[in-house]
Amino acid sequence: MIEDMVRLVERLSKGKDISFQRSYQDPIAPVWTDPPLLRQVLLNLLNNAVQAIKSQGTVTATTQEHPKGWVDISIADTGCGIPASHLPHLFDPFFTTKAPSQGTGLGLAVCQKIVTALGGLILVESTVGHGSRFTVRLPRLPHTLGQKLA
Ligand SMILES: Nc1ncnc2c1ncn2[C@@H]1O[C@H](COP(=O)(O)OP(=O)(O)OP(=O)(O)O)[C@@H](O)[C@H]1O
Ligand SMILES: [Mg+2]
């Protein structure tokens with residue numbers, strides 16, 4: 001599902017010189033999720049990553065089991081980065097630094113609502129001029145339930 005969203009955004013970004021990298025842990029522990037909602041989260045994060053890159057750069061999608069019962073899905077970019085003063089406002093509805101035609105500022109607010117409803121959280125790391133990484137951390141299925149569904 002993650003790869004489907006990466007390919008979709010890759011196709012839509014043909015006008016820019018962006019390299020899309022993948023680093024998927026395989027096999028990986030199953031998570032309990034809602035596919036259409038998680039697709040929307042991934043699409044928002046991937047669109048933000050592409051929009052942060054002016055003309056040339058890299059977007060990397062990573063999946064990784066995190067110790068203590070979580071699974072991490074990260075979308076990283078080598079774009080403009082986020083000033084520290086913006087970090088506390090990123091998830092506020094309508095917070096945007098984009099032109100009105102480019103963004104409403106609802107993307108991350110919706111992402112956070114969805115991920116919280118799924119029992120997870122979103123982490124942000126960013127350096128101005130170097131890029132950003134958004135990590136969606138979701139709870140793993142309890143071990144026995146995961147085995148039954150696998
Ligand atoms: N990967 C990123 N790199 C740099 N800045 C980012 C990144 N992701 C989000 N931001 C900053 O956070 C702001 C809010 O992001 P959010 O996705 O909520 O809204 P938006 O992208 O401006 O509009 P939209 O509603 O179309 O998503 C952006 O305007 C931008 O300033
Ligand atoms: Mg956005």
# chains A, B, ... in the order shown; residues from 1 in each chain; ligands from 1
>>> select_by_dssp(residues="chain A", states="helix (DSSP H, G or I)", output="MDAnalysis selection string")
chainID A and resid 2:12 35:52 84:89 107:117 143:149
>>> residues_near_ligand(ligand="ligand 2", cutoff="6 Å", atoms="only C-alpha atoms and all ligand atoms", output="PyMOL selection string")
chain A and resi 44+48+107
>>> write_last_selection(atoms="N, CA and C atoms", output="compact mmCIF listing (two decimals), in the first residue's frame")
# COMPACT_ATOMS: atom_id res chain seq x y z
N ASN A 44 -0.62 12.86 1.74
CA ASN A 44 -0.33 14.20 2.27
C ASN A 44 1.16 14.37 2.55
N ASN A 48 3.71 16.84 0.53
CA ASN A 48 4.51 17.85 1.23
C ASN A 48 6.00 17.70 0.91
N GLY A 107 -3.50 19.62 5.44
CA GLY A 107 -2.90 18.30 5.23
C GLY A 107 -2.43 17.63 6.51
>>> residues_around(residues="Arg7 of chain A", least_positions_apart="3", cutoff="12 Å", atoms="only C-alpha atoms", output="list in words")
Met1, Ile2, Glu3, Asp4, Glu10, Arg11, Leu12, Ser13, Lys14, Ser19, Phe20, Gln21, Arg22, Leu42, Leu43, Leu46, Val59, Thr60 and Ala61 of chain A
>>> write_last_selection(atoms="C-alpha atoms", output="PDB file, in the first residue's frame")
ATOM      1  CA  MET A   1       0.000   0.000   0.000  1.00  0.00           C
ATOM      2  CA  ILE A   2       2.850   2.380   0.835  1.00  0.00           C
ATOM      3  CA  GLU A   3       4.567   1.512  -2.426  1.00  0.00           C
ATOM      4  CA  ASP A   4       1.324   2.225  -4.342  1.00  0.00           C
ATOM      5  CA  GLU A  10       6.374   9.571  -8.373  1.00  0.00           C
ATOM      6  CA  ARG A  11       4.250   9.561 -11.529  1.00  0.00           C
ATOM      7  CA  LEU A  12       2.746  12.959 -10.650  1.00  0.00           C
ATOM      8  CA  SER A  13       6.196  14.503 -10.033  1.00  0.00           C
ATOM      9  CA  LYS A  14       7.649  13.824 -13.447  1.00  0.00           C
ATOM     10  CA  SER A  19      14.609  10.562  -7.076  1.00  0.00           C
ATOM     11  CA  PHE A  20      12.268   8.316  -5.072  1.00  0.00           C
ATOM     12  CA  GLN A  21      14.083   5.836  -2.818  1.00  0.00           C
ATOM     13  CA  ARG A  22      12.634   2.953  -0.845  1.00  0.00           C
ATOM     14  CA  LEU A  42       0.853   8.919   3.054  1.00  0.00           C
ATOM     15  CA  LEU A  43      -0.393  11.025   0.158  1.00  0.00           C
ATOM     16  CA  LEU A  46       4.489  12.571   0.087  1.00  0.00           C
ATOM     17  CA  VAL A  59      12.219  11.523  -1.332  1.00  0.00           C
ATOM     18  CA  THR A  60      12.717   8.353   0.717  1.00  0.00           C
ATOM     19  CA  ALA A  61      10.004   6.037   2.033  1.00  0.00           C
TER      20      ALA A  61
END
>>> closest_residue(among="A:Leu8, A:Leu141, A:Cys80, A:Ala117", to="ligand 1", atoms="only C-alpha atoms and all ligand atoms")
A:Cys80
>>> closest_atom_pairs(of="chain A", to="ligand 1", cutoff="9 Å", atoms="only C-alpha atoms and all ligand atoms", output="tab-separated table")
residue	atom	partner	partner_atom_place_in_ligand_line	distance
A:Asn44	CA	ligand 1	27 (O)	6.1
A:Leu45	CA	ligand 1	8 (N)	6.7
A:Leu46	CA	ligand 1	1 (N)	7.7
A:Asn47	CA	ligand 1	21 (O)	7.5
A:Asn48	CA	ligand 1	8 (N)	4.6
A:Ala49	CA	ligand 1	1 (N)	4.0
A:Val50	CA	ligand 1	1 (N)	7.4
A:Gln51	CA	ligand 1	2 (C)	7.3
A:Ala52	CA	ligand 1	3 (N)	4.6
A:Ile53	CA	ligand 1	3 (N)	7.8
A:Ile75	CA	ligand 1	1 (N)	8.2
A:Ala76	CA	ligand 1	1 (N)	7.2
A:Asp77	CA	ligand 1	1 (N)	6.3
A:Thr78	CA	ligand 1	3 (N)	8.4
A:Gly79	CA	ligand 1	3 (N)	6.0
A:Cys80	CA	ligand 1	4 (C)	5.6
A:Gly81	CA	ligand 1	4 (C)	4.6
A:Ile82	CA	ligand 1	5 (N)	5.0
A:Pro83	CA	ligand 1	5 (N)	8.4
A:His86	CA	ligand 1	31 (O)	7.4
A:Leu87	CA	ligand 1	12 (O)	8.0
A:His89	CA	ligand 1	12 (O)	8.0
A:Leu90	CA	ligand 1	12 (O)	4.9
A:Phe91	CA	ligand 1	18 (O)	6.0
A:Asp92	CA	ligand 1	18 (O)	7.3
A:Pro93	CA	ligand 1	18 (O)	6.9
A:Phe94	CA	ligand 1	18 (O)	6.9
A:Phe95	CA	ligand 1	14 (C)	5.4
A:Thr96	CA	ligand 1	29 (O)	3.4
A:Thr97	CA	ligand 1	29 (O)	4.0
A:Lys98	CA	ligand 1	29 (O)	5.0
A:Ala99	CA	ligand 1	22 (O)	8.1
A:Pro100	CA	ligand 1	23 (O)	8.7
A:Ser101	CA	ligand 1	26 (O)	8.7
A:Gln102	CA	ligand 1	26 (O)	6.1
A:Gly103	CA	ligand 1	26 (O)	3.3
A:Thr104	CA	ligand 1	25 (O)	3.7
A:Gly105	CA	ligand 1	19 (O)	3.2
A:Leu106	CA	ligand 1	25 (O)	3.9
A:Gly107	CA	ligand 1	27 (O)	3.4
A:Leu108	CA	ligand 1	18 (O)	3.6
A:Ala109	CA	ligand 1	18 (O)	5.6
A:Val110	CA	ligand 1	18 (O)	7.7
A:Cys111	CA	ligand 1	18 (O)	8.2
A:Ser126	CA	ligand 1	3 (N)	7.7
A:Val128	CA	ligand 1	4 (C)	8.4
A:Gly131	CA	ligand 1	3 (N)	6.4
A:Ser132	CA	ligand 1	1 (N)	5.4
A:Arg133	CA	ligand 1	1 (N)	6.9
A:Phe134	CA	ligand 1	1 (N)	7.3
>>> closest_residue(among="A:Leu123, A:Val9, A:Ala84, A:Val115", to="Val41 of chain A", atoms="only C-alpha atoms")
A:Val115
>>> select_by_dssp(residues="segment 23-119 of chain A", states="strand (DSSP E)", output="list in words")
Ser23, Tyr24, Gln56, Gly57, Thr58, Val59, Thr60, Ala61, Thr62, Thr63, Gln64, Glu65, His66, Trp70, Val71, Asp72, Ile73, Ser74, Ile75, Ala76 and Asp77 of chain A
>>> closest_residue(among="A:Thr127, A:Gln40, A:Ser74, A:Gln64", to="Asp26 of chain A", atoms="only C-alpha atoms")
A:Gln64
>>> atom_distance(atom1="atom CA of Glu65 of chain A", atom2="atom CA of His130 of chain A")
25.4 Å
>>> atom_distance(atom1="atom CA of Trp70 of chain A", atom2="atom CA of Met5 of chain A")
21.3 Å
>>> residues_around(residues="Ile122 of chain A", least_positions_apart="5", cutoff="7 Å", atoms="only C-alpha atoms", output="short mmCIF file (atom, residue, chain, number, x, y, z; two decimals) with N, CA and C atoms, in the first residue's frame")
data_model
loop_
_atom_site.label_atom_id
_atom_site.label_comp_id
_atom_site.auth_asym_id
_atom_site.auth_seq_id
_atom_site.Cartn_x
_atom_site.Cartn_y
_atom_site.Cartn_z
N GLN A 112 -2.69 14.11 11.41
CA GLN A 112 -2.58 13.87 12.85
C GLN A 112 -3.86 13.28 13.43
N PHE A 134 9.18 12.91 8.29
CA PHE A 134 7.94 12.71 9.05
C PHE A 134 7.78 11.21 9.26
N THR A 135 7.63 10.82 10.52
CA THR A 135 7.49 9.39 10.84
C THR A 135 6.12 9.13 11.43
N VAL A 136 5.38 8.22 10.79
CA VAL A 136 4.10 7.76 11.33
C VAL A 136 4.39 6.50 12.13
N ARG A 137 4.15 6.55 13.41
CA ARG A 137 4.44 5.40 14.30
C ARG A 137 3.12 4.74 14.68
#
